[in-house]
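Right, one structure below, let's go through it.
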Amino acid sequence: MGSGHGKELNLTLKVWRQKNTKATGSFETHQLKGISVDMSFLEMFDVLNEKLIVEGKEAIAFDHDCREGICGMCSMYINGRPHGPKDGVTTCQLHMRSFNDGDTIVVEPWRSTAFPVIKDLAVNRSAFDRIMASGGYVSVNTGNAQDANNILIPKEAADDAFGAAACIGCGACVAACKNGSAMLFVSAKVSQLALLPQGQVERKSRVLKMVAQMDEEGFGNCTNTGACEAECPKGISLENIARMNRELMSASATYTK
Amino acid sequence: MSQGFLKTSIGKKIVMGITGLFLTTFLIIHVSINACIYFNDGGKTFNAAADFMSHNPVIRILEIGLLAGLLIHMIQALRLTMENKKARPIAYAKIDGAANSKWYSRSMGVLGSLLLIFFVVHFANFWFPTKVAVFTNHEHNSFESMKLVFDQWYFVAIYLVGVGALCYHLLHGIQSAFQTLGINHKNYTPAIKSFGVWFSIIVSLLFASMPIAMHLHIIQ
């Protein structure tokens with residue numbers, strides 16, 4: 001795949017353009033010449049946008065922030081996969097060396113009822129924020145922080161919680177899922193707190209509220225294809241979904257207001 | 001369990017999983033009884049087993065449960081599919097599904113629909129005539145009707161397609177049901193998954209062997 005350091009590519013880019021949430025979008029084709037294989041995918045878009053601005057055209061809107069794979073802001077459904085052809089990376093960590101000279105690259109926004117397109121490739125992911133606000137928090141005691149070693153946490157639980165907490169909320173799971181389900185995201189957030197002592201206070205109400213909010217946002221239902229896990233840039237495991245299902249069953253059976 | 005549970009997306013999936021596993025357990029009984037034809041005794045053992053299945057009161061109550069399970073599984077699948085379609089109103093122009101999942105895990109609806117079409121043929125061939133015989137107090141020779149049906153090559157073909165759809169439906173369905181029920185554990189999941197694969201393959205091969213054996217008159 002790709003060519004060596006310092007080489008350049010000529011590419012055809014088919015990009016989704018959409019004026020606003022209500023507009024009907026369509027694809028726009030751009031020819032790109034002399035794209036360095038050392039560029040990131042987003043830098044390739046920067047080059048294209050500069051060209052469009054010089055030509056007096058409107059730049060393509062796309063989400064990005066840290067450009068080092070930790071903020072979860074970049075999205076883009078590239079050639080049929082969220083975050084492009086590489087496993088375990090975000091779009092900002094995808095480099096043009098993963099493509100070949102002469103390639104046609106199709107770039108679409110995340111497509112989900114719960115993630116309406118704001119403009120072009122930028123989608124509104126505040127559905128995730130509302131799910132978090134519904135229960136993705138812990139009670140905090142005020143005053144001085146107590147000694148960390150006062151609360152003992154088994155190594156295995158800490159590891160699993162940390163694995164779940166690696167979720168950056170980018171929404172690739174929803175984008176990858178044929179049903180547009182948000183189960184991987186929500187289960188990661190439910191798990192990271194359910195596994196730790198600090199998360200026990202709201203444990204039952206949390207899963208009930210977060211699942212209710214997830215359903216209200218219009219995400220689809222999980223069919224266990226595993227596409228979310230395969231496409232997650234942070235390697236969040238399907239074990240979290242099973243855990244959330246257990247949490248919901250037990251909370252539904254025992255929680256009283 | 002609170003009333004709202006079955007209305008959540010997870011609750012609905014759990015209904016799919018439980019009914020799916022229930023229907024799967026019936027396959028064990030079905031394939032075991034059918035396998036009686038391999039005694040190759042002119043259908044004596046098989047007919048005795050079939051007679052027990054169609055007349056025993058406990059089995060007949062279970063049969064109602066089985067049909068109910070099948071109905072719930074189908075209606076719930078239809079509901080979930082419609083909801084899932086609504087979750088992505090604009091389809092992607094390009095999808096690389098093979099990069100992240102198995103084709104049959106993404107095709108459970110199609111495989112299930114194929115199974116439904118197969119069931120219509122299958123029920124018309126065997127289940128319905130048996131019921132008629134039971135309710136009109138007639139003798140019914142299931143083995144003879146099997147011979148008649150499987151003498152036709154097109155019925156053999158339909159049954160092989162049906163069993164193929166069953167195999168792939170189970171390949172995803174069994175392990176998926178355990179996952180939905182929250183049974184995912186580093187120690188046990190590999191065993192559950194390989195059980196699912198072996199179960200699907202063995203049951204399907206056994207089912208597939210029967211129309212072929214009858215058609216080729218290996219069983220007489």
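How things are named: the first chain in the structure tokens is A, the next is B, and so on; residues count from 1 in each chain; ligands count from 1 in the order shown.
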
- For chain B, report every residue with an atom at most 6 Å from chain A (counting only C-alpha atoms), formatted as a list in words. Met1, Ser2, Ser9, Asn84, Ala87, Arg88, Lys94, Ile95, Asp96, Asn100, Ser101, Ser105, Ser176, Gln179, Gly182 and Asn184 of chain B

- Query: Residues at most 10 Å from A:Arg67, counting only C-alpha atoms, excluding those fewer than 6 positions away in the same chain, as a PyMOL selection string?
  - Reply: chain A and resi 40+42-43+73-74+90-93

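Excluding A:His30 itself and any same-chain residue fewer than 3 positions from it, the protein and nucleic acid residues within 8 Å of it, counting only C-alpha atoms, are Thr12, Leu13, Lys14 and Val15 of chain A.
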
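Atom CA of A:Cys232 sits 8.9 Å away from atom CA of A:Leu184.
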
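Ranking A:Asp160, A:Glu8, A:Asp38, A:Glu58 by their shortest atom-to-atom distance to A:His95, with only C-alpha atoms included, puts A:Asp38 first.
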
Any chance you could list, as a PDB file with C-alpha atoms, in the first residue's frame, the residues in stretch 53-234 of chain A that come up helix (DSSP H, G or I) when DSSP is run on the backbone?
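Okay, selection_6.pdb is ready:
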ATOM      1  CA  ILE A  53     -10.596  29.528  -1.184  1.00  0.00           C
ATOM      2  CA  VAL A  54      -8.112  30.826  -3.767  1.00  0.00           C
ATOM      3  CA  THR A  91      -8.962  10.281  10.576  1.00  0.00           C
ATOM      4  CA  CYS A  92      -6.293  12.732  11.765  1.00  0.00           C
ATOM      5  CA  GLN A  93      -3.935   9.773  12.309  1.00  0.00           C
ATOM      6  CA  MET A  96      -1.913   9.622   2.610  1.00  0.00           C
ATOM      7  CA  ARG A  97       0.653   6.818   2.395  1.00  0.00           C
ATOM      8  CA  SER A  98      -2.324   4.512   2.998  1.00  0.00           C
ATOM      9  CA  SER A 126     -24.589  16.376  20.858  1.00  0.00           C
ATOM     10  CA  ALA A 127     -26.816  13.289  21.204  1.00  0.00           C
ATOM     11  CA  PHE A 128     -23.748  11.762  22.918  1.00  0.00           C
ATOM     12  CA  ASP A 129     -23.526  14.773  25.245  1.00  0.00           C
ATOM     13  CA  ARG A 130     -27.153  14.355  26.223  1.00  0.00           C
ATOM     14  CA  ILE A 131     -26.594  10.667  26.956  1.00  0.00           C
ATOM     15  CA  MET A 132     -23.626  11.590  29.166  1.00  0.00           C
ATOM     16  CA  ALA A 133     -25.630  14.311  30.914  1.00  0.00           C
ATOM     17  CA  SER A 134     -28.416  11.832  31.649  1.00  0.00           C
ATOM     18  CA  GLY A 135     -26.232   9.657  33.876  1.00  0.00           C
ATOM     19  CA  ALA A 148      -5.783   7.493  46.608  1.00  0.00           C
ATOM     20  CA  ASN A 149      -4.909   4.205  48.306  1.00  0.00           C
ATOM     21  CA  ASN A 150      -7.909   4.428  50.617  1.00  0.00           C
ATOM     22  CA  LYS A 155      -6.124  -4.619  38.976  1.00  0.00           C
ATOM     23  CA  GLU A 156      -8.499  -6.416  36.574  1.00  0.00           C
ATOM     24  CA  ALA A 157     -11.340  -3.986  37.276  1.00  0.00           C
ATOM     25  CA  ALA A 158      -8.996  -1.025  36.878  1.00  0.00           C
ATOM     26  CA  ASP A 159      -7.743  -2.385  33.553  1.00  0.00           C
ATOM     27  CA  ASP A 160     -11.252  -2.992  32.220  1.00  0.00           C
ATOM     28  CA  ALA A 161     -12.437   0.426  33.403  1.00  0.00           C
ATOM     29  CA  PHE A 162      -9.430   2.046  31.780  1.00  0.00           C
ATOM     30  CA  GLY A 163     -10.072   0.170  28.562  1.00  0.00           C
ATOM     31  CA  ALA A 164     -13.660   1.444  28.503  1.00  0.00           C
ATOM     32  CA  ALA A 165     -12.578   4.958  29.459  1.00  0.00           C
ATOM     33  CA  ALA A 172     -17.355   5.789  14.613  1.00  0.00           C
ATOM     34  CA  CYS A 173     -19.314   2.950  16.259  1.00  0.00           C
ATOM     35  CA  VAL A 174     -22.602   4.533  15.215  1.00  0.00           C
ATOM     36  CA  ALA A 175     -21.248   5.310  11.753  1.00  0.00           C
ATOM     37  CA  ALA A 176     -19.957   1.754  11.246  1.00  0.00           C
ATOM     38  CA  MET A 183     -24.388   0.591  22.067  1.00  0.00           C
ATOM     39  CA  LEU A 184     -20.574   0.558  22.032  1.00  0.00           C
ATOM     40  CA  PHE A 185     -20.305   4.198  23.097  1.00  0.00           C
ATOM     41  CA  VAL A 186     -22.976   4.003  25.793  1.00  0.00           C
ATOM     42  CA  SER A 187     -21.697   0.659  27.100  1.00  0.00           C
ATOM     43  CA  ALA A 188     -18.157   2.028  27.385  1.00  0.00           C
ATOM     44  CA  LYS A 189     -19.417   4.964  29.427  1.00  0.00           C
ATOM     45  CA  VAL A 190     -21.654   2.762  31.604  1.00  0.00           C
ATOM     46  CA  SER A 191     -18.843   0.234  32.106  1.00  0.00           C
ATOM     47  CA  GLN A 192     -16.070   2.603  33.087  1.00  0.00           C
ATOM     48  CA  LEU A 193     -18.143   3.790  36.051  1.00  0.00           C
ATOM     49  CA  ALA A 194     -19.887   0.509  36.918  1.00  0.00           C
ATOM     50  CA  PRO A 197     -16.111   1.932  43.515  1.00  0.00           C
ATOM     51  CA  GLN A 198     -16.756   5.619  42.803  1.00  0.00           C
ATOM     52  CA  GLY A 199     -19.436   4.678  40.297  1.00  0.00           C
ATOM     53  CA  ARG A 203     -24.885   2.487  39.275  1.00  0.00           C
ATOM     54  CA  LYS A 204     -28.478   1.375  38.761  1.00  0.00           C
ATOM     55  CA  SER A 205     -30.077   4.692  37.906  1.00  0.00           C
ATOM     56  CA  ARG A 206     -27.200   5.488  35.546  1.00  0.00           C
ATOM     57  CA  VAL A 207     -27.698   2.555  33.192  1.00  0.00           C
ATOM     58  CA  LEU A 208     -31.477   3.029  33.171  1.00  0.00           C
ATOM     59  CA  LYS A 209     -31.205   6.725  32.344  1.00  0.00           C
ATOM     60  CA  MET A 210     -28.425   6.414  29.785  1.00  0.00           C
ATOM     61  CA  VAL A 211     -30.147   3.597  27.875  1.00  0.00           C
ATOM     62  CA  ALA A 212     -33.441   5.530  27.941  1.00  0.00           C
ATOM     63  CA  GLN A 213     -31.681   8.622  26.561  1.00  0.00           C
ATOM     64  CA  MET A 214     -29.877   6.532  23.919  1.00  0.00           C
ATOM     65  CA  ASP A 215     -33.223   5.145  22.720  1.00  0.00           C
ATOM     66  CA  GLU A 216     -34.834   8.583  22.749  1.00  0.00           C
ATOM     67  CA  ALA A 227     -18.547  -3.689  13.153  1.00  0.00           C
ATOM     68  CA  CYS A 228     -18.332  -1.078  15.944  1.00  0.00           C
ATOM     69  CA  GLU A 229     -15.560  -2.923  17.765  1.00  0.00           C
ATOM     70  CA  ALA A 230     -13.657  -3.498  14.520  1.00  0.00           C
ATOM     71  CA  GLU A 231     -13.833   0.181  13.538  1.00  0.00           C
TER      72      GLU A 231
END

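Among the candidate residues B:Ile183, B:Leu21, B:Ile90, B:Ala165, the one lying nearest to B:Ser204 is B:Ala165, with distances computed using only C-alpha atoms.
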
- Task: Please provide the set of residues having any atom within 12 Å of B:Ile158, restricted to only C-alpha atoms, with same-chain residues fewer than 2 positions apart removed, written as a VMD selection string.
- Result: chain B and resid 114 to 115 117 to 122 125 149 to 150 152 to 156 160 to 165 208 211 to 212

Write to file, as an mmCIF file, in the first residue's frame, the residues of the selection just made, with N, CA, C and O atoms.
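Final output, saved to selection16.cif:
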data_model
loop_
_atom_site.group_PDB
_atom_site.id
_atom_site.type_symbol
_atom_site.label_atom_id
_atom_site.label_comp_id
_atom_site.auth_asym_id
_atom_site.auth_seq_id
_atom_site.Cartn_x
_atom_site.Cartn_y
_atom_site.Cartn_z
ATOM 1 N N LEU B 114 -35.710 -15.889 4.146
ATOM 2 C CA LEU B 114 -35.556 -17.134 3.382
ATOM 3 C C LEU B 114 -36.101 -18.305 4.187
ATOM 4 O O LEU B 114 -36.808 -19.178 3.660
ATOM 5 N N LEU B 115 -35.774 -18.314 5.483
ATOM 6 C CA LEU B 115 -36.258 -19.387 6.365
ATOM 7 C C LEU B 115 -37.780 -19.399 6.419
ATOM 8 O O LEU B 115 -38.399 -20.464 6.387
ATOM 9 N N ILE B 117 -39.891 -18.354 4.133
ATOM 10 C CA ILE B 117 -40.409 -18.907 2.870
ATOM 11 C C ILE B 117 -40.273 -20.432 2.890
ATOM 12 O O ILE B 117 -41.191 -21.168 2.522
ATOM 13 N N PHE B 118 -39.108 -20.882 3.383
ATOM 14 C CA PHE B 118 -38.876 -22.322 3.488
ATOM 15 C C PHE B 118 -39.907 -22.977 4.417
ATOM 16 O O PHE B 118 -40.430 -24.051 4.127
ATOM 17 N N PHE B 119 -40.193 -22.294 5.541
ATOM 18 C CA PHE B 119 -41.157 -22.858 6.499
ATOM 19 C C PHE B 119 -42.535 -23.051 5.860
ATOM 20 O O PHE B 119 -43.234 -24.010 6.163
ATOM 21 N N VAL B 120 -42.923 -22.125 5.003
ATOM 22 C CA VAL B 120 -44.232 -22.240 4.341
ATOM 23 C C VAL B 120 -44.284 -23.556 3.551
ATOM 24 O O VAL B 120 -45.234 -24.339 3.680
ATOM 25 N N VAL B 121 -43.219 -23.798 2.781
ATOM 26 C CA VAL B 121 -43.150 -25.039 1.994
ATOM 27 C C VAL B 121 -43.092 -26.247 2.927
ATOM 28 O O VAL B 121 -43.827 -27.230 2.762
ATOM 29 N N HIS B 122 -42.228 -26.126 3.934
ATOM 30 C CA HIS B 122 -41.987 -27.230 4.864
ATOM 31 C C HIS B 122 -43.266 -27.593 5.636
ATOM 32 O O HIS B 122 -43.600 -28.764 5.790
ATOM 33 N N ASN B 125 -45.702 -29.290 3.385
ATOM 34 C CA ASN B 125 -45.269 -30.660 3.097
ATOM 35 C C ASN B 125 -45.594 -31.630 4.235
ATOM 36 O O ASN B 125 -46.092 -32.723 3.996
ATOM 37 N N VAL B 149 -42.237 -36.604 -1.014
ATOM 38 C CA VAL B 149 -41.749 -35.228 -1.196
ATOM 39 C C VAL B 149 -40.335 -35.230 -1.773
ATOM 40 O O VAL B 149 -40.042 -34.529 -2.750
ATOM 41 N N PHE B 150 -39.479 -36.040 -1.191
ATOM 42 C CA PHE B 150 -38.066 -35.966 -1.581
ATOM 43 C C PHE B 150 -37.747 -36.756 -2.863
ATOM 44 O O PHE B 150 -36.612 -36.760 -3.303
ATOM 45 N N GLN B 152 -39.052 -35.672 -5.482
ATOM 46 C CA GLN B 152 -39.005 -34.517 -6.384
ATOM 47 C C GLN B 152 -37.699 -33.761 -6.160
ATOM 48 O O GLN B 152 -37.446 -33.303 -5.056
ATOM 49 N N TRP B 153 -36.929 -33.591 -7.220
ATOM 50 C CA TRP B 153 -35.631 -32.923 -7.070
ATOM 51 C C TRP B 153 -35.786 -31.484 -6.608
ATOM 52 O O TRP B 153 -34.975 -30.961 -5.854
ATOM 53 N N TYR B 154 -36.900 -30.823 -7.052
ATOM 54 C CA TYR B 154 -37.040 -29.410 -6.681
ATOM 55 C C TYR B 154 -37.315 -29.226 -5.195
ATOM 56 O O TYR B 154 -36.909 -28.238 -4.598
ATOM 57 N N PHE B 155 -37.997 -30.189 -4.594
ATOM 58 C CA PHE B 155 -38.171 -30.104 -3.138
ATOM 59 C C PHE B 155 -36.828 -30.287 -2.437
ATOM 60 O O PHE B 155 -36.525 -29.593 -1.472
ATOM 61 N N VAL B 156 -36.021 -31.217 -2.937
ATOM 62 C CA VAL B 156 -34.679 -31.415 -2.358
ATOM 63 C C VAL B 156 -33.902 -30.103 -2.452
ATOM 64 O O VAL B 156 -33.273 -29.658 -1.477
ATOM 65 N N LEU B 160 -32.474 -27.815 0.630
ATOM 66 C CA LEU B 160 -31.045 -27.533 0.801
ATOM 67 C C LEU B 160 -30.820 -26.032 0.963
ATOM 68 O O LEU B 160 -30.013 -25.607 1.782
ATOM 69 N N VAL B 161 -31.550 -25.230 0.192
ATOM 70 C CA VAL B 161 -31.436 -23.767 0.347
ATOM 71 C C VAL B 161 -31.916 -23.353 1.744
ATOM 72 O O VAL B 161 -31.267 -22.560 2.431
ATOM 73 N N GLY B 162 -33.033 -23.922 2.175
ATOM 74 C CA GLY B 162 -33.568 -23.621 3.499
ATOM 75 C C GLY B 162 -32.581 -23.974 4.601
ATOM 76 O O GLY B 162 -32.354 -23.186 5.519
ATOM 77 N N VAL B 163 -31.972 -25.139 4.489
ATOM 78 C CA VAL B 163 -31.011 -25.580 5.504
ATOM 79 C C VAL B 163 -29.755 -24.701 5.457
ATOM 80 O O VAL B 163 -29.179 -24.372 6.501
ATOM 81 N N GLY B 164 -29.369 -24.272 4.256
ATOM 82 C CA GLY B 164 -28.221 -23.356 4.128
ATOM 83 C C GLY B 164 -28.497 -22.042 4.843
ATOM 84 O O GLY B 164 -27.647 -21.533 5.584
ATOM 85 N N ALA B 165 -29.700 -21.518 4.645
ATOM 86 C CA ALA B 165 -30.080 -20.269 5.324
ATOM 87 C C ALA B 165 -30.080 -20.477 6.828
ATOM 88 O O ALA B 165 -29.611 -19.627 7.589
ATOM 89 N N ALA B 208 -29.461 -31.575 6.061
ATOM 90 C CA ALA B 208 -29.248 -31.588 4.614
ATOM 91 C C ALA B 208 -29.101 -33.006 4.084
ATOM 92 O O ALA B 208 -29.491 -33.307 2.951
ATOM 93 N N PRO B 211 -32.881 -35.178 2.972
ATOM 94 C CA PRO B 211 -33.506 -35.161 1.638
ATOM 95 C C PRO B 211 -32.629 -35.847 0.592
ATOM 96 O O PRO B 211 -33.156 -36.541 -0.299
ATOM 97 N N ILE B 212 -31.307 -35.683 0.710
ATOM 98 C CA ILE B 212 -30.402 -36.291 -0.270
ATOM 99 C C ILE B 212 -30.463 -37.810 -0.173
ATOM 100 O O ILE B 212 -30.618 -38.516 -1.178
#

Would you return as an mmCIF file with all heavy atoms, in the first residue's frame the members of stretch 73-252 of chain A that DSSP assigns to strand (DSSP E or B) on this structure's backbone?
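This is the output file states-v4.cif:
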data_model
loop_
_atom_site.group_PDB
_atom_site.id
_atom_site.type_symbol
_atom_site.label_atom_id
_atom_site.label_comp_id
_atom_site.auth_asym_id
_atom_site.auth_seq_id
_atom_site.Cartn_x
_atom_site.Cartn_y
_atom_site.Cartn_z
ATOM 1 N N TYR A 77 -16.400 9.361 6.833
ATOM 2 C CA TYR A 77 -16.600 7.973 6.423
ATOM 3 C C TYR A 77 -15.874 7.840 5.086
ATOM 4 O O TYR A 77 -16.325 8.357 4.065
ATOM 5 C CB TYR A 77 -18.098 7.726 6.286
ATOM 6 C CG TYR A 77 -18.531 6.288 6.256
ATOM 7 C CD1 TYR A 77 -18.710 5.556 7.431
ATOM 8 C CD2 TYR A 77 -18.809 5.663 5.047
ATOM 9 C CE1 TYR A 77 -19.151 4.246 7.396
ATOM 10 C CE2 TYR A 77 -19.242 4.346 5.008
ATOM 11 C CZ TYR A 77 -19.415 3.648 6.199
ATOM 12 O OH TYR A 77 -19.854 2.350 6.159
ATOM 13 N N ILE A 78 -14.711 7.206 5.116
ATOM 14 C CA ILE A 78 -13.791 7.227 3.973
ATOM 15 C C ILE A 78 -13.775 5.875 3.258
ATOM 16 O O ILE A 78 -13.427 4.856 3.876
ATOM 17 C CB ILE A 78 -12.369 7.592 4.466
ATOM 18 C CG1 ILE A 78 -12.405 8.954 5.185
ATOM 19 C CG2 ILE A 78 -11.381 7.613 3.302
ATOM 20 C CD1 ILE A 78 -11.225 9.193 6.102
ATOM 21 N N ARG A 81 -15.595 3.172 5.167
ATOM 22 C CA ARG A 81 -15.255 2.856 6.560
ATOM 23 C C ARG A 81 -15.057 4.137 7.368
ATOM 24 O O ARG A 81 -14.414 5.072 6.891
ATOM 25 C CB ARG A 81 -13.962 2.024 6.624
ATOM 26 C CG ARG A 81 -14.089 0.646 6.014
ATOM 27 C CD ARG A 81 -12.787 -0.115 6.131
ATOM 28 N NE ARG A 81 -12.486 -0.483 7.513
ATOM 29 C CZ ARG A 81 -11.348 -1.072 7.889
ATOM 30 N NH1 ARG A 81 -10.419 -1.345 6.997
ATOM 31 N NH2 ARG A 81 -11.144 -1.386 9.149
ATOM 32 N N PRO A 82 -15.571 4.153 8.620
ATOM 33 C CA PRO A 82 -15.318 5.329 9.446
ATOM 34 C C PRO A 82 -13.824 5.456 9.759
ATOM 35 O O PRO A 82 -13.165 4.459 10.059
ATOM 36 C CB PRO A 82 -16.125 5.065 10.720
ATOM 37 C CG PRO A 82 -16.493 3.635 10.693
ATOM 38 C CD PRO A 82 -16.408 3.156 9.289
ATOM 39 N N HIS A 95 -2.774 8.586 7.254
ATOM 40 C CA HIS A 95 -1.865 9.321 6.368
ATOM 41 C C HIS A 95 -2.078 8.936 4.920
ATOM 42 O O HIS A 95 -2.575 7.856 4.619
ATOM 43 C CB HIS A 95 -0.414 9.114 6.807
ATOM 44 C CG HIS A 95 -0.089 9.886 8.039
ATOM 45 N ND1 HIS A 95 -0.451 9.453 9.293
ATOM 46 C CD2 HIS A 95 0.517 11.090 8.200
ATOM 47 C CE1 HIS A 95 -0.071 10.349 10.184
ATOM 48 N NE2 HIS A 95 0.515 11.352 9.551
ATOM 49 N N THR A 104 -9.467 6.781 -6.275
ATOM 50 C CA THR A 104 -10.647 7.618 -6.049
ATOM 51 C C THR A 104 -11.076 7.394 -4.609
ATOM 52 O O THR A 104 -11.247 6.253 -4.177
ATOM 53 C CB THR A 104 -11.792 7.219 -7.004
ATOM 54 O OG1 THR A 104 -11.343 7.446 -8.350
ATOM 55 C CG2 THR A 104 -13.039 8.038 -6.740
ATOM 56 N N ILE A 105 -11.201 8.482 -3.868
ATOM 57 C CA ILE A 105 -11.566 8.364 -2.451
ATOM 58 C C ILE A 105 -12.938 9.013 -2.233
ATOM 59 O O ILE A 105 -13.145 10.174 -2.570
ATOM 60 C CB ILE A 105 -10.518 9.043 -1.539
ATOM 61 C CG1 ILE A 105 -9.107 8.510 -1.848
ATOM 62 C CG2 ILE A 105 -10.855 8.813 -0.072
ATOM 63 C CD1 ILE A 105 -8.000 9.264 -1.134
ATOM 64 N N VAL A 106 -13.869 8.203 -1.682
ATOM 65 C CA VAL A 106 -15.224 8.704 -1.410
ATOM 66 C C VAL A 106 -15.300 9.098 0.065
ATOM 67 O O VAL A 106 -15.005 8.285 0.940
ATOM 68 C CB VAL A 106 -16.282 7.627 -1.735
ATOM 69 C CG1 VAL A 106 -17.688 8.165 -1.491
ATOM 70 C CG2 VAL A 106 -16.135 7.151 -3.173
ATOM 71 N N VAL A 107 -15.668 10.350 0.322
ATOM 72 C CA VAL A 107 -15.738 10.828 1.707
ATOM 73 C C VAL A 107 -17.155 11.290 2.032
ATOM 74 O O VAL A 107 -17.704 12.168 1.363
ATOM 75 C CB VAL A 107 -14.738 11.984 1.951
ATOM 76 C CG1 VAL A 107 -14.687 12.324 3.440
ATOM 77 C CG2 VAL A 107 -13.353 11.626 1.439
ATOM 78 N N GLU A 108 -17.733 10.655 3.056
ATOM 79 C CA GLU A 108 -19.108 10.969 3.458
ATOM 80 C C GLU A 108 -19.142 11.335 4.938
ATOM 81 O O GLU A 108 -18.250 10.957 5.697
ATOM 82 C CB GLU A 108 -20.013 9.737 3.233
ATOM 83 C CG GLU A 108 -20.051 9.263 1.795
ATOM 84 C CD GLU A 108 -20.812 7.957 1.637
ATOM 85 O OE1 GLU A 108 -22.036 7.981 1.738
ATOM 86 O OE2 GLU A 108 -20.171 6.911 1.389
ATOM 87 N N SER A 112 -26.470 9.152 10.378
ATOM 88 C CA SER A 112 -27.317 8.676 11.473
ATOM 89 C C SER A 112 -28.373 9.725 11.754
ATOM 90 O O SER A 112 -28.088 10.927 11.713
ATOM 91 C CB SER A 112 -26.452 8.452 12.720
ATOM 92 O OG SER A 112 -27.246 8.459 13.885
ATOM 93 N N PHE A 115 -27.315 11.910 14.442
ATOM 94 C CA PHE A 115 -26.200 12.823 14.141
ATOM 95 C C PHE A 115 -26.524 13.641 12.886
ATOM 96 O O PHE A 115 -25.975 13.398 11.815
ATOM 97 C CB PHE A 115 -24.914 12.026 13.844
ATOM 98 C CG PHE A 115 -24.301 11.297 15.002
ATOM 99 C CD1 PHE A 115 -23.369 10.280 14.766
ATOM 100 C CD2 PHE A 115 -24.600 11.609 16.319
ATOM 101 C CE1 PHE A 115 -22.770 9.592 15.817
ATOM 102 C CE2 PHE A 115 -24.016 10.918 17.378
ATOM 103 C CZ PHE A 115 -23.104 9.908 17.122
ATOM 104 N N VAL A 117 -26.449 16.198 9.912
ATOM 105 C CA VAL A 117 -25.345 16.920 9.265
ATOM 106 C C VAL A 117 -25.521 18.414 9.542
ATOM 107 O O VAL A 117 -26.602 18.968 9.358
ATOM 108 C CB VAL A 117 -25.347 16.649 7.741
ATOM 109 C CG1 VAL A 117 -24.358 17.550 7.030
ATOM 110 C CG2 VAL A 117 -25.034 15.186 7.457
ATOM 111 N N ILE A 118 -24.447 19.045 10.019
ATOM 112 C CA ILE A 118 -24.478 20.500 10.217
ATOM 113 C C ILE A 118 -24.181 21.162 8.872
ATOM 114 O O ILE A 118 -24.904 22.018 8.396
ATOM 115 C CB ILE A 118 -23.439 20.941 11.272
ATOM 116 C CG1 ILE A 118 -23.729 20.273 12.618
ATOM 117 C CG2 ILE A 118 -23.436 22.469 11.408
ATOM 118 C CD1 ILE A 118 -22.611 20.423 13.636
ATOM 119 N N LYS A 119 -23.083 20.688 8.275
ATOM 120 C CA LYS A 119 -22.670 21.197 6.967
ATOM 121 C C LYS A 119 -21.625 20.247 6.416
ATOM 122 O O LYS A 119 -20.736 19.806 7.150
ATOM 123 C CB LYS A 119 -22.092 22.600 7.141
ATOM 124 C CG LYS A 119 -21.792 23.341 5.843
ATOM 125 C CD LYS A 119 -21.263 24.730 6.191
ATOM 126 C CE LYS A 119 -20.647 25.428 4.995
ATOM 127 N NZ LYS A 119 -21.569 25.751 3.932
ATOM 128 N N ALA A 122 -19.398 17.774 8.541
ATOM 129 C CA ALA A 122 -19.511 17.989 9.991
ATOM 130 C C ALA A 122 -20.905 17.570 10.455
ATOM 131 O O ALA A 122 -21.909 18.006 9.886
ATOM 132 C CB ALA A 122 -19.256 19.450 10.319
ATOM 133 N N VAL A 123 -20.958 16.699 11.463
ATOM 134 C CA VAL A 123 -22.257 16.275 12.004
ATOM 135 C C VAL A 123 -22.379 16.701 13.462
ATOM 136 O O VAL A 123 -21.382 16.884 14.157
ATOM 137 C CB VAL A 123 -22.472 14.740 11.900
ATOM 138 C CG1 VAL A 123 -22.497 14.293 10.453
ATOM 139 C CG2 VAL A 123 -21.430 13.973 12.699
#

- Just the residues within 12 Å of B:Ile218, please, counting only C-alpha atoms, with nothing from its chain fewer than 2 positions along; format it as a PyMOL selection string. chain B and resi 37-42+147+150-151+209-216+220

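Atom CA of B:Ala98 is found 23.9 Å from atom CA of A:Gly169.
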
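Between atom CA of A:Asn10 and atom CA of A:Asp101 lies a distance of 5.4 Å.
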
- Top pick for closest residue to B:Ile18, considering B:Phe178, B:Phe207, B:Phe199, B:Phe143 and counting only C-alpha atoms: B:Phe178

- Please identify all polymer residues within 10 Å of B:Ser142, counting only C-alpha atoms, omitting same-chain residues fewer than 2 positions from it, and present them as a VMD selection string. chain B and resid 43 46 to 48 50 to 51 126 to 127 129 to 130 139 to 140 144 to 148
